[in-house]
>>> print(open('work.pdb').read())   # PDB, C-alpha atoms
ATOM      1  CA  MET V   1     -19.212 -16.310  63.403
ATOM      2  CA  THR V   2     -21.940 -16.781  60.821
ATOM      3  CA  HIS V   3     -22.310 -19.483  58.206
ATOM      4  CA  TRP V   4     -24.053 -18.712  54.915
ATOM      5  CA  LEU V   5     -26.944 -20.982  53.970
ATOM      6  CA  GLU V   6     -28.414 -21.600  50.531
ATOM      7  CA  ASN V   7     -32.124 -21.016  50.046
ATOM      8  CA  LYS V   8     -34.785 -20.218  47.426
ATOM      9  CA  ILE V   9     -36.607 -16.874  47.160
ATOM     10  CA  GLU V  10     -39.522 -16.751  44.706
ATOM     11  CA  GLY V  11     -37.831 -19.450  42.656
ATOM     12  CA  HIS V  12     -34.414 -17.744  42.663
ATOM     13  CA  ASP V  13     -31.319 -19.245  44.269
ATOM     14  CA  ALA V  14     -30.327 -17.192  47.290
ATOM     15  CA  TRP V  15     -27.819 -17.043  50.122
ATOM     16  CA  ILE V  16     -28.791 -16.014  53.656
ATOM     17  CA  GLY V  17     -26.390 -14.891  56.354
ATOM     18  CA  GLU V  18     -27.412 -13.972  59.885
ATOM     19  CA  SER V  19     -25.615 -12.471  62.869
ATOM     20  CA  SER V  20     -26.639 -11.217  66.290
ATOM     21  CA  GLN V  21     -27.643  -7.918  64.649
ATOM     22  CA  LEU V  22     -28.608  -8.491  61.033
ATOM     23  CA  SER V  23     -29.968 -11.004  58.568
ATOM     24  CA  VAL V  24     -29.271 -10.461  54.856
ATOM     25  CA  CYS V  25     -30.517 -12.324  51.789
ATOM     26  CA  ILE V  26     -28.533 -12.137  48.516
ATOM     27  CA  VAL V  27     -29.785 -13.306  45.097
ATOM     28  CA  PRO V  28     -26.729 -13.855  42.833
ATOM     29  CA  GLY V  29     -28.767 -14.393  39.652
ATOM     30  CA  LEU V  30     -30.314 -10.934  39.967
ATOM     31  CA  GLY V  31     -27.227  -8.754  40.126
ATOM     32  CA  ALA V  32     -26.241 -10.246  43.495
ATOM     33  CA  LYS V  33     -28.796  -7.881  44.993
ATOM     34  CA  ALA V  34     -29.898  -7.936  48.604
ATOM     35  CA  VAL V  35     -33.647  -8.539  48.821
ATOM     36  CA  SER V  36     -33.805  -8.446  52.607
ATOM     37  CA  LEU V  37     -31.841  -6.652  55.319
ATOM     38  CA  ARG V  38     -33.544  -7.375  58.609
ATOM     39  CA  SER V  39     -32.701  -6.554  62.205
ATOM     40  CA  THR V  40     -32.492  -9.844  64.099
ATOM     41  CA  ARG V  41     -32.956  -7.933  67.341
ATOM     42  CA  THR V  42     -36.235  -6.175  66.487
ATOM     43  CA  GLY V  43     -37.395  -7.961  63.318
ATOM     44  CA  ARG V  44     -37.499  -4.710  61.362
ATOM     45  CA  GLU V  45     -37.058  -5.053  57.583
ATOM     46  CA  TRP V  46     -34.978  -2.161  56.315
ATOM     47  CA  LEU V  47     -35.194  -2.786  52.561
ATOM     48  CA  TRP V  48     -38.167  -1.545  50.584
ATOM     49  CA  ARG V  49     -39.982  -4.030  48.387
ATOM     50  CA  SER V  50     -42.283  -3.197  45.490
ATOM     51  CA  GLU V  51     -45.388  -5.165  44.603
ATOM     52  CA  LYS V  52     -43.672  -6.471  41.463
ATOM     53  CA  ALA V  53     -42.400 -10.018  41.123
ATOM     54  CA  LEU V  54     -38.722 -10.321  41.963
ATOM     55  CA  GLY V  55     -36.592 -10.132  38.811
ATOM     56  CA  ASN V  56     -35.420  -8.072  35.843
ATOM     57  CA  GLU V  57     -35.577  -8.280  32.057
ATOM     58  CA  GLY V  58     -31.873  -8.942  31.559
ATOM     59  CA  TYR V  59     -28.799  -7.004  30.560
ATOM     60  CA  GLY V  60     -29.446  -3.552  29.174
ATOM     61  CA  SER V  61     -33.050  -3.358  30.355
ATOM     62  CA  PRO V  62     -34.324  -0.174  32.048
ATOM     63  CA  PHE V  63     -34.259  -0.278  35.830
ATOM     64  CA  PRO V  64     -38.027   0.414  36.172
ATOM     65  CA  SER V  65     -38.771  -2.700  34.099
ATOM     66  CA  GLY V  66     -37.418  -4.810  36.953
ATOM     67  CA  ASP V  67     -38.681  -5.169  40.505
ATOM     68  CA  GLU V  68     -37.122  -1.775  41.443
ATOM     69  CA  SER V  69     -36.587  -2.866  45.021
ATOM     70  CA  GLY V  70     -33.974  -4.069  47.491
ATOM     71  CA  TRP V  71     -30.302  -3.183  47.271
ATOM     72  CA  ASP V  72     -28.585  -3.206  43.861
ATOM     73  CA  GLU V  73     -25.045  -2.253  42.838
ATOM     74  CA  MET V  74     -24.728   0.666  40.413
ATOM     75  CA  PHE V  75     -21.585   0.244  38.271
ATOM     76  CA  PRO V  76     -19.862   1.674  36.232
ATOM     77  CA  CYS V  77     -22.433   4.517  36.216
ATOM     78  CA  ILE V  78     -26.071   5.256  37.073
ATOM     79  CA  ASP V  79     -27.528   7.163  34.130
ATOM     80  CA  ALA V  80     -27.520   5.418  30.755
ATOM     81  CA  GLY V  81     -24.989   6.887  28.352
ATOM     82  CA  GLU V  82     -21.791   6.332  26.432
ATOM     83  CA  TYR V  83     -18.354   5.773  27.877
ATOM     84  CA  PRO V  84     -16.569   9.121  27.443
ATOM     85  CA  LEU V  85     -12.900   8.173  27.050
ATOM     86  CA  ALA V  86     -10.619   6.182  24.755
ATOM     87  CA  PRO V  87     -10.144   3.301  24.124
ATOM     88  CA  TRP V  88     -13.834   2.536  24.821
ATOM     89  CA  GLN V  89     -15.261   5.914  23.870
ATOM     90  CA  GLY V  90     -18.843   5.611  22.617
ATOM     91  CA  ARG V  91     -19.560   2.183  24.060
ATOM     92  CA  PRO V  92     -23.056   2.153  25.578
ATOM     93  CA  ILE V  93     -23.647   1.807  29.314
ATOM     94  CA  PRO V  94     -27.192   0.760  30.286
ATOM     95  CA  ASP V  95     -29.531   2.452  32.726
ATOM     96  CA  HIS V  96     -28.242   2.059  36.293
ATOM     97  CA  GLY V  97     -25.059   0.477  34.932
ATOM     98  CA  GLU V  98     -24.119  -2.999  33.785
ATOM     99  CA  VAL V  99     -24.015  -5.223  36.820
ATOM    100  CA  TRP V 100     -27.464  -4.920  38.464
ATOM    101  CA  SER V 101     -29.088  -6.866  35.612
ATOM    102  CA  LEU V 102     -26.350  -9.492  35.177
ATOM    103  CA  PRO V 103     -26.139 -12.854  36.944
ATOM    104  CA  TRP V 104     -23.182 -13.029  39.309
ATOM    105  CA  GLU V 105     -21.171 -16.040  40.396
ATOM    106  CA  ALA V 106     -21.349 -16.719  44.122
ATOM    107  CA  HIS V 107     -19.886 -19.189  46.582
ATOM    108  CA  SER V 108     -19.523 -19.422  50.331
ATOM    109  CA  THR V 109     -16.308 -20.181  52.168
ATOM    110  CA  GLY V 110     -18.163 -20.773  55.404
ATOM    111  CA  PHE V 111     -18.056 -17.419  57.152
ATOM    112  CA  THR V 112     -18.001 -15.284  53.987
ATOM    113  CA  LEU V 113     -20.023 -15.017  50.791
ATOM    114  CA  HIS V 114     -18.009 -14.149  47.697
ATOM    115  CA  CYS V 115     -19.765 -12.700  44.625
ATOM    116  CA  GLN V 116     -18.234 -11.627  41.319
ATOM    117  CA  VAL V 117     -19.197 -10.513  37.816
ATOM    118  CA  LYS V 118     -17.313  -9.627  34.627
ATOM    119  CA  GLY V 119     -18.103  -6.571  32.532
ATOM    120  CA  GLU V 120     -20.028  -6.868  29.287
ATOM    121  CA  GLN V 121     -18.739  -3.812  27.413
ATOM    122  CA  PHE V 122     -15.613  -3.207  29.474
ATOM    123  CA  PRO V 123     -12.679  -5.297  30.760
ATOM    124  CA  TYR V 124     -13.232  -5.457  34.498
ATOM    125  CA  LEU V 125     -13.963  -7.932  37.249
ATOM    126  CA  LEU V 126     -16.147  -6.607  40.074
ATOM    127  CA  GLU V 127     -16.095  -8.563  43.325
ATOM    128  CA  LYS V 128     -17.842  -8.147  46.649
ATOM    129  CA  THR V 129     -17.390 -10.251  49.754
ATOM    130  CA  TYR V 130     -19.970 -10.290  52.544
ATOM    131  CA  SER V 131     -18.982 -11.040  56.118
ATOM    132  CA  PHE V 132     -20.009 -10.074  59.636
ATOM    133  CA  THR V 133     -17.867  -8.234  62.153
ATOM    134  CA  ALA V 134     -17.311  -9.504  65.679
ATOM    135  CA  ASP V 135     -20.215  -7.394  66.954
ATOM    136  CA  GLY V 136     -22.594  -8.570  64.208
ATOM    137  CA  ALA V 137     -22.446  -5.652  61.742
ATOM    138  CA  LEU V 138     -22.500  -6.494  58.038
ATOM    139  CA  ARG V 139     -19.308  -5.740  56.103
ATOM    140  CA  ILE V 140     -19.060  -5.742  52.307
ATOM    141  CA  ASP V 141     -15.575  -5.630  50.779
ATOM    142  CA  TYR V 142     -15.462  -4.493  47.143
ATOM    143  CA  ALA V 143     -12.740  -4.802  44.512
ATOM    144  CA  VAL V 144     -12.723  -3.843  40.853
ATOM    145  CA  THR V 145      -9.892  -5.293  38.787
ATOM    146  CA  ASN V 146      -9.026  -3.607  35.509
ATOM    147  CA  THR V 147      -8.093  -6.479  33.185
ATOM    148  CA  SER V 148      -6.940  -4.128  30.404
ATOM    149  CA  THR V 149      -3.807  -2.014  30.008
ATOM    150  CA  ALA V 150      -5.687   1.328  29.781
ATOM    151  CA  PRO V 151      -7.054   3.339  32.745
ATOM    152  CA  PHE V 152     -10.741   2.686  33.478
ATOM    153  CA  SER V 153     -12.930   5.446  34.929
ATOM    154  CA  PHE V 154     -16.018   4.367  36.829
ATOM    155  CA  LEU V 155     -18.803   5.470  39.116
ATOM    156  CA  TRP V 156     -19.948   2.992  41.755
ATOM    157  CA  ALA V 157     -22.826   3.781  44.057
ATOM    158  CA  ALA V 158     -24.649   1.679  46.598
ATOM    159  CA  HIS V 159     -28.399   1.640  45.943
ATOM    160  CA  PRO V 160     -30.131   0.384  49.108
ATOM    161  CA  LEU V 161     -33.803   1.337  48.803
ATOM    162  CA  LEU V 162     -34.991   1.714  52.377
ATOM    163  CA  GLU V 163     -38.451   1.269  53.845
ATOM    164  CA  VAL V 164     -39.295   4.521  55.611
ATOM    165  CA  GLN V 165     -42.122   6.449  57.224
ATOM    166  CA  ALA V 166     -42.633  10.177  57.576
ATOM    167  CA  GLY V 167     -40.642  11.790  60.356
ATOM    168  CA  MET V 168     -37.508   9.657  60.178
ATOM    169  CA  LYS V 169     -34.168  11.478  60.320
ATOM    170  CA  LEU V 170     -31.203  11.503  57.946
ATOM    171  CA  HIS V 171     -27.753  11.910  59.482
ATOM    172  CA  VAL V 172     -24.590  12.959  57.611
ATOM    173  CA  PRO V 173     -21.279  14.494  58.753
ATOM    174  CA  ASN V 174     -21.511  18.176  59.702
ATOM    175  CA  SER V 175     -19.051  19.097  56.956
ATOM    176  CA  LEU V 176     -21.643  18.163  54.321
ATOM    177  CA  ASP V 177     -23.842  21.261  54.252
ATOM    178  CA  GLU V 178     -24.586  21.865  50.564
ATOM    179  CA  ILE V 179     -26.211  19.748  47.850
ATOM    180  CA  GLU V 180     -26.326  19.784  44.057
ATOM    181  CA  ILE V 181     -29.529  18.711  42.334
ATOM    182  CA  SER V 182     -29.406  15.800  39.934
ATOM    183  CA  TYR V 183     -33.188  15.390  39.613
ATOM    184  CA  SER V 184     -36.195  17.027  41.239
ATOM    185  CA  ALA V 185     -39.769  16.107  40.341
ATOM    186  CA  GLU V 186     -41.776  19.205  39.403
ATOM    187  CA  GLU V 187     -38.438  21.058  39.811
ATOM    188  CA  ARG V 188     -39.374  21.553  43.446
ATOM    189  CA  LEU V 189     -35.739  22.079  44.472
ATOM    190  CA  GLY V 190     -34.574  23.343  41.087
ATOM    191  CA  VAL V 191     -33.029  21.863  37.962
ATOM    192  CA  PHE V 192     -29.897  19.833  37.304
ATOM    193  CA  GLY V 193     -26.837  21.600  38.692
ATOM    194  CA  ASP V 194     -28.690  23.932  41.046
ATOM    195  CA  ARG V 195     -27.209  24.103  44.538
ATOM    196  CA  GLN V 196     -29.037  24.341  47.838
ATOM    197  CA  PRO V 197     -28.048  24.467  51.498
ATOM    198  CA  TRP V 198     -28.563  21.273  53.497
ATOM    199  CA  PRO V 199     -30.646  20.450  55.410
ATOM    200  CA  LEU V 200     -32.916  23.499  55.000
ATOM    201  CA  ALA V 201     -33.503  24.003  51.275
ATOM    202  CA  SER V 202     -35.719  26.454  49.436
ATOM    203  CA  SER V 203     -38.516  24.974  47.335
ATOM    204  CA  SER V 204     -41.422  26.170  45.240
ATOM    205  CA  GLY V 205     -43.628  25.638  48.298
ATOM    206  CA  GLY V 206     -41.359  27.102  50.967
ATOM    207  CA  THR V 207     -38.500  25.751  53.055
ATOM    208  CA  VAL V 208     -37.988  21.976  53.115
ATOM    209  CA  ASP V 209     -36.080  20.163  55.853
ATOM    210  CA  LEU V 210     -34.267  17.518  53.802
ATOM    211  CA  SER V 211     -32.979  15.806  56.931
ATOM    212  CA  MET V 212     -36.482  14.542  57.720
ATOM    213  CA  THR V 213     -38.410  12.041  55.605
ATOM    214  CA  GLU V 214     -41.637  13.461  54.216
ATOM    215  CA  ALA V 215     -45.089  11.949  53.857
ATOM    216  CA  ASN V 216     -46.061  10.090  50.696
ATOM    217  CA  GLU V 217     -47.814  12.895  48.817
ATOM    218  CA  GLY V 218     -47.432  11.266  45.415
ATOM    219  CA  ARG V 219     -45.644  14.289  43.965
ATOM    220  CA  PHE V 220     -42.104  14.709  45.218
ATOM    221  CA  ALA V 221     -38.911  12.844  44.387
ATOM    222  CA  GLU V 222     -35.341  14.125  44.522
ATOM    223  CA  LYS V 223     -31.853  12.885  43.754
ATOM    224  CA  TYR V 224     -29.033  15.050  45.000
ATOM    225  CA  TYR V 225     -25.349  14.820  45.815
ATOM    226  CA  PHE V 226     -23.525  16.600  48.583
ATOM    227  CA  THR V 227     -21.083  18.977  46.919
ATOM    228  CA  GLY V 228     -18.083  18.383  49.145
ATOM    229  CA  ARG V 229     -15.813  15.384  49.439
ATOM    230  CA  ALA V 230     -16.584  13.681  52.718
ATOM    231  CA  GLU V 231     -13.959  13.908  55.437
ATOM    232  CA  ARG V 232     -15.702  10.987  57.125
ATOM    233  CA  GLY V 233     -17.619   8.226  55.344
ATOM    234  CA  LEU V 234     -20.826   8.034  57.316
ATOM    235  CA  ALA V 235     -24.566   8.215  56.658
ATOM    236  CA  ALA V 236     -27.499   7.013  58.721
ATOM    237  CA  VAL V 237     -31.272   6.966  59.039
ATOM    238  CA  SER V 238     -33.008   6.868  62.404
ATOM    239  CA  ASP V 239     -36.613   6.363  63.452
ATOM    240  CA  PRO V 240     -37.491   8.543  66.454
ATOM    241  CA  ALA V 241     -40.727   6.602  66.896
ATOM    242  CA  THR V 242     -38.908   3.351  67.729
ATOM    243  CA  GLY V 243     -35.363   4.428  68.534
ATOM    244  CA  GLU V 244     -34.008   2.238  65.730
ATOM    245  CA  SER V 245     -31.403   3.320  63.201
ATOM    246  CA  ILE V 246     -29.215   1.983  60.431
ATOM    247  CA  THR V 247     -25.745   3.356  59.707
ATOM    248  CA  PHE V 248     -23.566   3.027  56.612
ATOM    249  CA  SER V 249     -19.843   3.624  57.111
ATOM    250  CA  TYR V 250     -17.144   3.541  54.445
ATOM    251  CA  PRO V 251     -13.623   4.872  53.719
ATOM    252  CA  ALA V 252     -13.935   8.476  52.558
ATOM    253  CA  GLU V 253     -10.632   8.328  50.673
ATOM    254  CA  GLN V 254     -11.909   5.657  48.273
ATOM    255  CA  VAL V 255     -15.608   6.626  48.471
ATOM    256  CA  PRO V 256     -15.570  10.429  48.778
ATOM    257  CA  TYR V 257     -19.129  11.282  47.708
ATOM    258  CA  LEU V 258     -22.613  10.795  49.087
ATOM    259  CA  ALA V 259     -25.953  11.014  47.307
ATOM    260  CA  VAL V 260     -29.551  10.761  48.509
ATOM    261  CA  TRP V 261     -32.547   9.431  46.598
ATOM    262  CA  ALA V 262     -35.722  10.573  48.378
ATOM    263  CA  ASN V 263     -38.853   9.340  46.616
ATOM    264  CA  TYR V 264     -42.036  10.437  48.332
ATOM    265  CA  GLY V 265     -44.369   9.105  45.665
ATOM    266  CA  GLY V 266     -43.148  11.379  42.888
ATOM    267  CA  PHE V 267     -41.375   8.718  40.823
ATOM    268  CA  GLY V 268     -43.325   5.613  39.852
ATOM    269  CA  GLY V 269     -45.629   6.139  42.806
ATOM    270  CA  ASN V 270     -43.014   4.537  45.062
ATOM    271  CA  TYR V 271     -42.243   5.575  48.626
ATOM    272  CA  GLN V 272     -38.606   4.918  49.493
ATOM    273  CA  LEU V 273     -35.291   6.434  50.501
ATOM    274  CA  ALA V 274     -31.722   5.514  49.531
ATOM    275  CA  LEU V 275     -28.449   6.650  51.046
ATOM    276  CA  GLU V 276     -25.885   6.228  48.268
ATOM    277  CA  PRO V 277     -22.159   6.353  49.049
ATOM    278  CA  ALA V 278     -20.426   6.825  45.685
ATOM    279  CA  THR V 279     -16.976   6.912  44.117
ATOM    280  CA  GLY V 280     -17.942   9.795  41.805
ATOM    281  CA  ARG V 281     -20.595  12.368  41.026
ATOM    282  CA  MET V 282     -23.006  13.040  39.292
ATOM    283  CA  ASP V 283     -25.104  10.103  37.939
ATOM    284  CA  HIS V 284     -23.776  10.385  34.367
ATOM    285  CA  LEU V 285     -20.262   9.024  33.899
ATOM    286  CA  GLY V 286     -19.416  11.640  31.281
ATOM    287  CA  GLU V 287     -20.326  14.417  33.711
ATOM    288  CA  ALA V 288     -18.250  12.855  36.489
ATOM    289  CA  VAL V 289     -15.258  12.594  34.143
ATOM    290  CA  ARG V 290     -15.718  16.187  32.972
ATOM    291  CA  ARG V 291     -15.632  17.368  36.586
ATOM    292  CA  SER V 292     -12.713  15.077  37.505
ATOM    293  CA  GLU V 293     -14.966  13.674  40.244
ATOM    294  CA  VAL V 294     -14.660  10.049  39.265
ATOM    295  CA  ALA V 295     -12.740   6.975  40.387
ATOM    296  CA  VAL V 296     -10.007   5.613  38.114
ATOM    297  CA  VAL V 297      -8.330   2.218  38.247
ATOM    298  CA  ALA V 298      -5.099   1.890  36.281
ATOM    299  CA  GLY V 299      -4.510  -0.892  33.782
ATOM    300  CA  GLY V 300      -3.900  -4.200  35.522
ATOM    301  CA  GLU V 301      -4.583  -2.674  38.945
ATOM    302  CA  VAL V 302      -7.251  -3.172  41.630
ATOM    303  CA  TYR V 303      -9.400  -0.501  43.332
ATOM    304  CA  ARG V 304     -10.703  -1.577  46.745
ATOM    305  CA  TRP V 305     -13.222  -0.171  49.207
ATOM    306  CA  HIS V 306     -15.729  -1.421  51.751
ATOM    307  CA  LEU V 307     -19.100  -0.616  53.241
ATOM    308  CA  GLN V 308     -20.267  -1.530  56.740
ATOM    309  CA  VAL V 309     -23.893  -1.651  57.808
ATOM    310  CA  SER V 310     -24.725  -1.342  61.505
ATOM    311  CA  PRO V 311     -28.238  -1.319  63.002
ATOM    312  CA  LEU V 312     -29.249  -0.047  66.413
TER     313      LEU V 312
END
>>> encode(input="work.pdb", output="structure tokens")
Amino acid sequence: MTHWLENKIEGHDAWIGESSQLSVCIVPGLGAKAVSLRSTRTGREWLWRSEKALGNEGYGSPFPSGDESGWDEMFPCIDAGEYPLAPWQGRPIPDHGEVWSLPWEAHSTGFTLHCQVKGEQFPYLLEKTYSFTADGALRIDYAVTNTSTAPFSFLWAAHPLLEVQAGMKLHVPNSLDEIEISYSAEERLGVFGDRQPWPLASSSGGTVDLSMTEANEGRFAEKYYFTGRAERGLAAVSDPATGESITFSYPAEQVPYLAVWANYGGFGGNYQLALEPATGRMDHLGEAVRRSEVAVVAGGEVYRWHLQVSPL
């Protein structure tokens, strides 16, 4: 069992938990983001870090104005926009959602770390509890409580920006064989709403194997969702050069969608990859509601899910 220890990271209060497999560092004041996810067996750091100072410019600020690195929580949407339904229709939702730029409350009960935050524009309580399984994998249990009497529609997505090199492999269930484009720099894979087969997609420069990380050419960046609901909640990245991998597993019933952010220098000059299990699609909450591909928590009820991270 693992105890959580308090620490300081670049002047920010932090909590560090470590098991036989993983070490994770959480900064509650910065959206309860993870700034480090390191293999204790090999020493490999899995989370990408920019050259910016750790921090953000507060609630409602654009995501690129912050450090843009580590693992943030996207909730209740990703794209900035207005809430689409009564009784909160028209209320603004910031870029990448509300909670990544808010300070969270956090406390340890010994073997677990409990983090929570209340909504600014909407009546919810979002909680996540970090613990380690018996074999040392990291488990995060999530719960969103609707503190109103009206149904609340939301999109949650994990946003772990991973440190990668060219030639690494992406792994998803075989049933996920088609993607829909949310964003593609230079429209390499098409425009919003275009569909492509996965992993071999057609591009302006020929066929692209999306299951393999590309070199940092400074041009390409894509965000896409798999079109089908996952029968199995699983996504992984492996490094053939070292034999290492990291796997994200989650309940497909509560988290039925999977997105990929593959930035090979085409957005902000950054080189990073994110596997993003999500409760809805696409990035804009209004679009997810229009498609009926969105999570809903009834008034006074709780929506629960979890995410487990396992390195090899």
>>> atom_distance(input="work.pdb", atom1="CA of Asp95 (chain V)", atom2="CA of Phe63 (chain V)")
6.3 Å
>>> residues_around(input="work.pdb", residues="region 19-29 of chain V", least_positions_apart="4", cutoff="6 Å", atoms="all atoms listed in the file", output="list in words")
Ala14, Trp15, Lys33, Ala34, Val35, Ser36, Leu37, Arg38, Ser39, Thr40, Arg41, Pro103, Trp104 and Gly136 of chain V
>>> axis_aligned_box(input="work.pdb", around="region 213-218 of chain V", padding_each_side="5 Å", output="lines of an AutoDock Vina configuration file")
center_x = -43.1
center_y = 11.8
center_z = 50.5
size_x = 19.4
size_y = 13.4
size_z = 20.2
>>> resolve_selection(input="work.pdb", expression="the PyMOL selection byres ((chain V and resi 258-264) around 6)", output="PDB file with C-alpha atoms, keeping the file's coordinate frame")
ATOM      1  CA  ASN V 216     -46.061  10.090  50.696  1.00  0.00           C
ATOM      2  CA  PHE V 220     -42.104  14.709  45.218  1.00  0.00           C
ATOM      3  CA  ALA V 221     -38.911  12.844  44.387  1.00  0.00           C
ATOM      4  CA  GLU V 222     -35.341  14.125  44.522  1.00  0.00           C
ATOM      5  CA  LYS V 223     -31.853  12.885  43.754  1.00  0.00           C
ATOM      6  CA  TYR V 224     -29.033  15.050  45.000  1.00  0.00           C
ATOM      7  CA  TYR V 225     -25.349  14.820  45.815  1.00  0.00           C
ATOM      8  CA  PHE V 226     -23.525  16.600  48.583  1.00  0.00           C
ATOM      9  CA  TYR V 257     -19.129  11.282  47.708  1.00  0.00           C
ATOM     10  CA  GLY V 265     -44.369   9.105  45.665  1.00  0.00           C
ATOM     11  CA  GLY V 266     -43.148  11.379  42.888  1.00  0.00           C
ATOM     12  CA  TYR V 271     -42.243   5.575  48.626  1.00  0.00           C
ATOM     13  CA  GLN V 272     -38.606   4.918  49.493  1.00  0.00           C
ATOM     14  CA  LEU V 273     -35.291   6.434  50.501  1.00  0.00           C
ATOM     15  CA  ALA V 274     -31.722   5.514  49.531  1.00  0.00           C
ATOM     16  CA  LEU V 275     -28.449   6.650  51.046  1.00  0.00           C
ATOM     17  CA  GLU V 276     -25.885   6.228  48.268  1.00  0.00           C
ATOM     18  CA  PRO V 277     -22.159   6.353  49.049  1.00  0.00           C
ATOM     19  CA  ALA V 278     -20.426   6.825  45.685  1.00  0.00           C
TER      20      ALA V 278
END
>>> resolve_selection(input="work.pdb", expression="the PyMOL selection byres ((chain V and resi 256) around 12)", output="ChimeraX atom specification")
/V:155-157,176,225-234,249-255,257-259,276-281,293-295,305
>>> write_last_selection(input="work.pdb", atoms="C-alpha atoms", output="CSV table (one decimal), keeping the file's coordinate frame")
chain,number,residue,atom,x,y,z
V,155,LEU,CA,-18.8,5.5,39.1
V,156,TRP,CA,-19.9,3.0,41.8
V,157,ALA,CA,-22.8,3.8,44.1
V,176,LEU,CA,-21.6,18.2,54.3
V,225,TYR,CA,-25.3,14.8,45.8
V,226,PHE,CA,-23.5,16.6,48.6
V,227,THR,CA,-21.1,19.0,46.9
V,228,GLY,CA,-18.1,18.4,49.1
V,229,ARG,CA,-15.8,15.4,49.4
V,230,ALA,CA,-16.6,13.7,52.7
V,231,GLU,CA,-14.0,13.9,55.4
V,232,ARG,CA,-15.7,11.0,57.1
V,233,GLY,CA,-17.6,8.2,55.3
V,234,LEU,CA,-20.8,8.0,57.3
V,249,SER,CA,-19.8,3.6,57.1
V,250,TYR,CA,-17.1,3.5,54.4
V,251,PRO,CA,-13.6,4.9,53.7
V,252,ALA,CA,-13.9,8.5,52.6
V,253,GLU,CA,-10.6,8.3,50.7
V,254,GLN,CA,-11.9,5.7,48.3
V,255,VAL,CA,-15.6,6.6,48.5
V,257,TYR,CA,-19.1,11.3,47.7
V,258,LEU,CA,-22.6,10.8,49.1
V,259,ALA,CA,-26.0,11.0,47.3
V,276,GLU,CA,-25.9,6.2,48.3
V,277,PRO,CA,-22.2,6.4,49.0
V,278,ALA,CA,-20.4,6.8,45.7
V,279,THR,CA,-17.0,6.9,44.1
V,280,GLY,CA,-17.9,9.8,41.8
V,281,ARG,CA,-20.6,12.4,41.0
V,293,GLU,CA,-15.0,13.7,40.2
V,294,VAL,CA,-14.7,10.0,39.3
V,295,ALA,CA,-12.7,7.0,40.4
V,305,TRP,CA,-13.2,-0.2,49.2
>>> resolve_selection(input="work.pdb", expression="the PyMOL selection byres ((chain V and resi 127) around 12)", output="JSON, numbers by chain")
{"V": [28, 31, 32, 73, 75, 99, 104, 105, 106, 107, 113, 114, 115, 116, 117, 118, 119, 124, 125, 126, 128, 129, 130, 140, 141, 142, 143, 144, 145, 146, 302, 303, 304, 305, 306]}
>>> residues_around(input="work.pdb", residues="Ser211 (chain V)", least_positions_apart="5", cutoff="8 Å", atoms="all atoms listed in the file", output="list in words")
Lys169, Leu170, His171, Trp198, Pro199 and Leu200 of chain V
>>> residues_around(input="work.pdb", residues="Ala235 (chain V)", least_positions_apart="6", cutoff="6 Å", atoms="only C-alpha atoms", output="CSV table (one decimal) with C-alpha atoms, in the coordinates of the input")
chain,number,residue,atom,x,y,z
V,171,HIS,CA,-27.8,11.9,59.5
V,172,VAL,CA,-24.6,13.0,57.6
V,247,THR,CA,-25.7,3.4,59.7
V,248,PHE,CA,-23.6,3.0,56.6
>>> closest_residue(input="work.pdb", among="V:Thr213, V:Ser245, V:Asn7, V:Gln308", to="Ala158 (chain V)", atoms="only C-alpha atoms")
V:Gln308
>>> closest_residue(input="work.pdb", among="V:Trp100, V:His284, V:Gly218, V:Arg91", to="Phe192 (chain V)", atoms="all atoms listed in the file")
V:His284
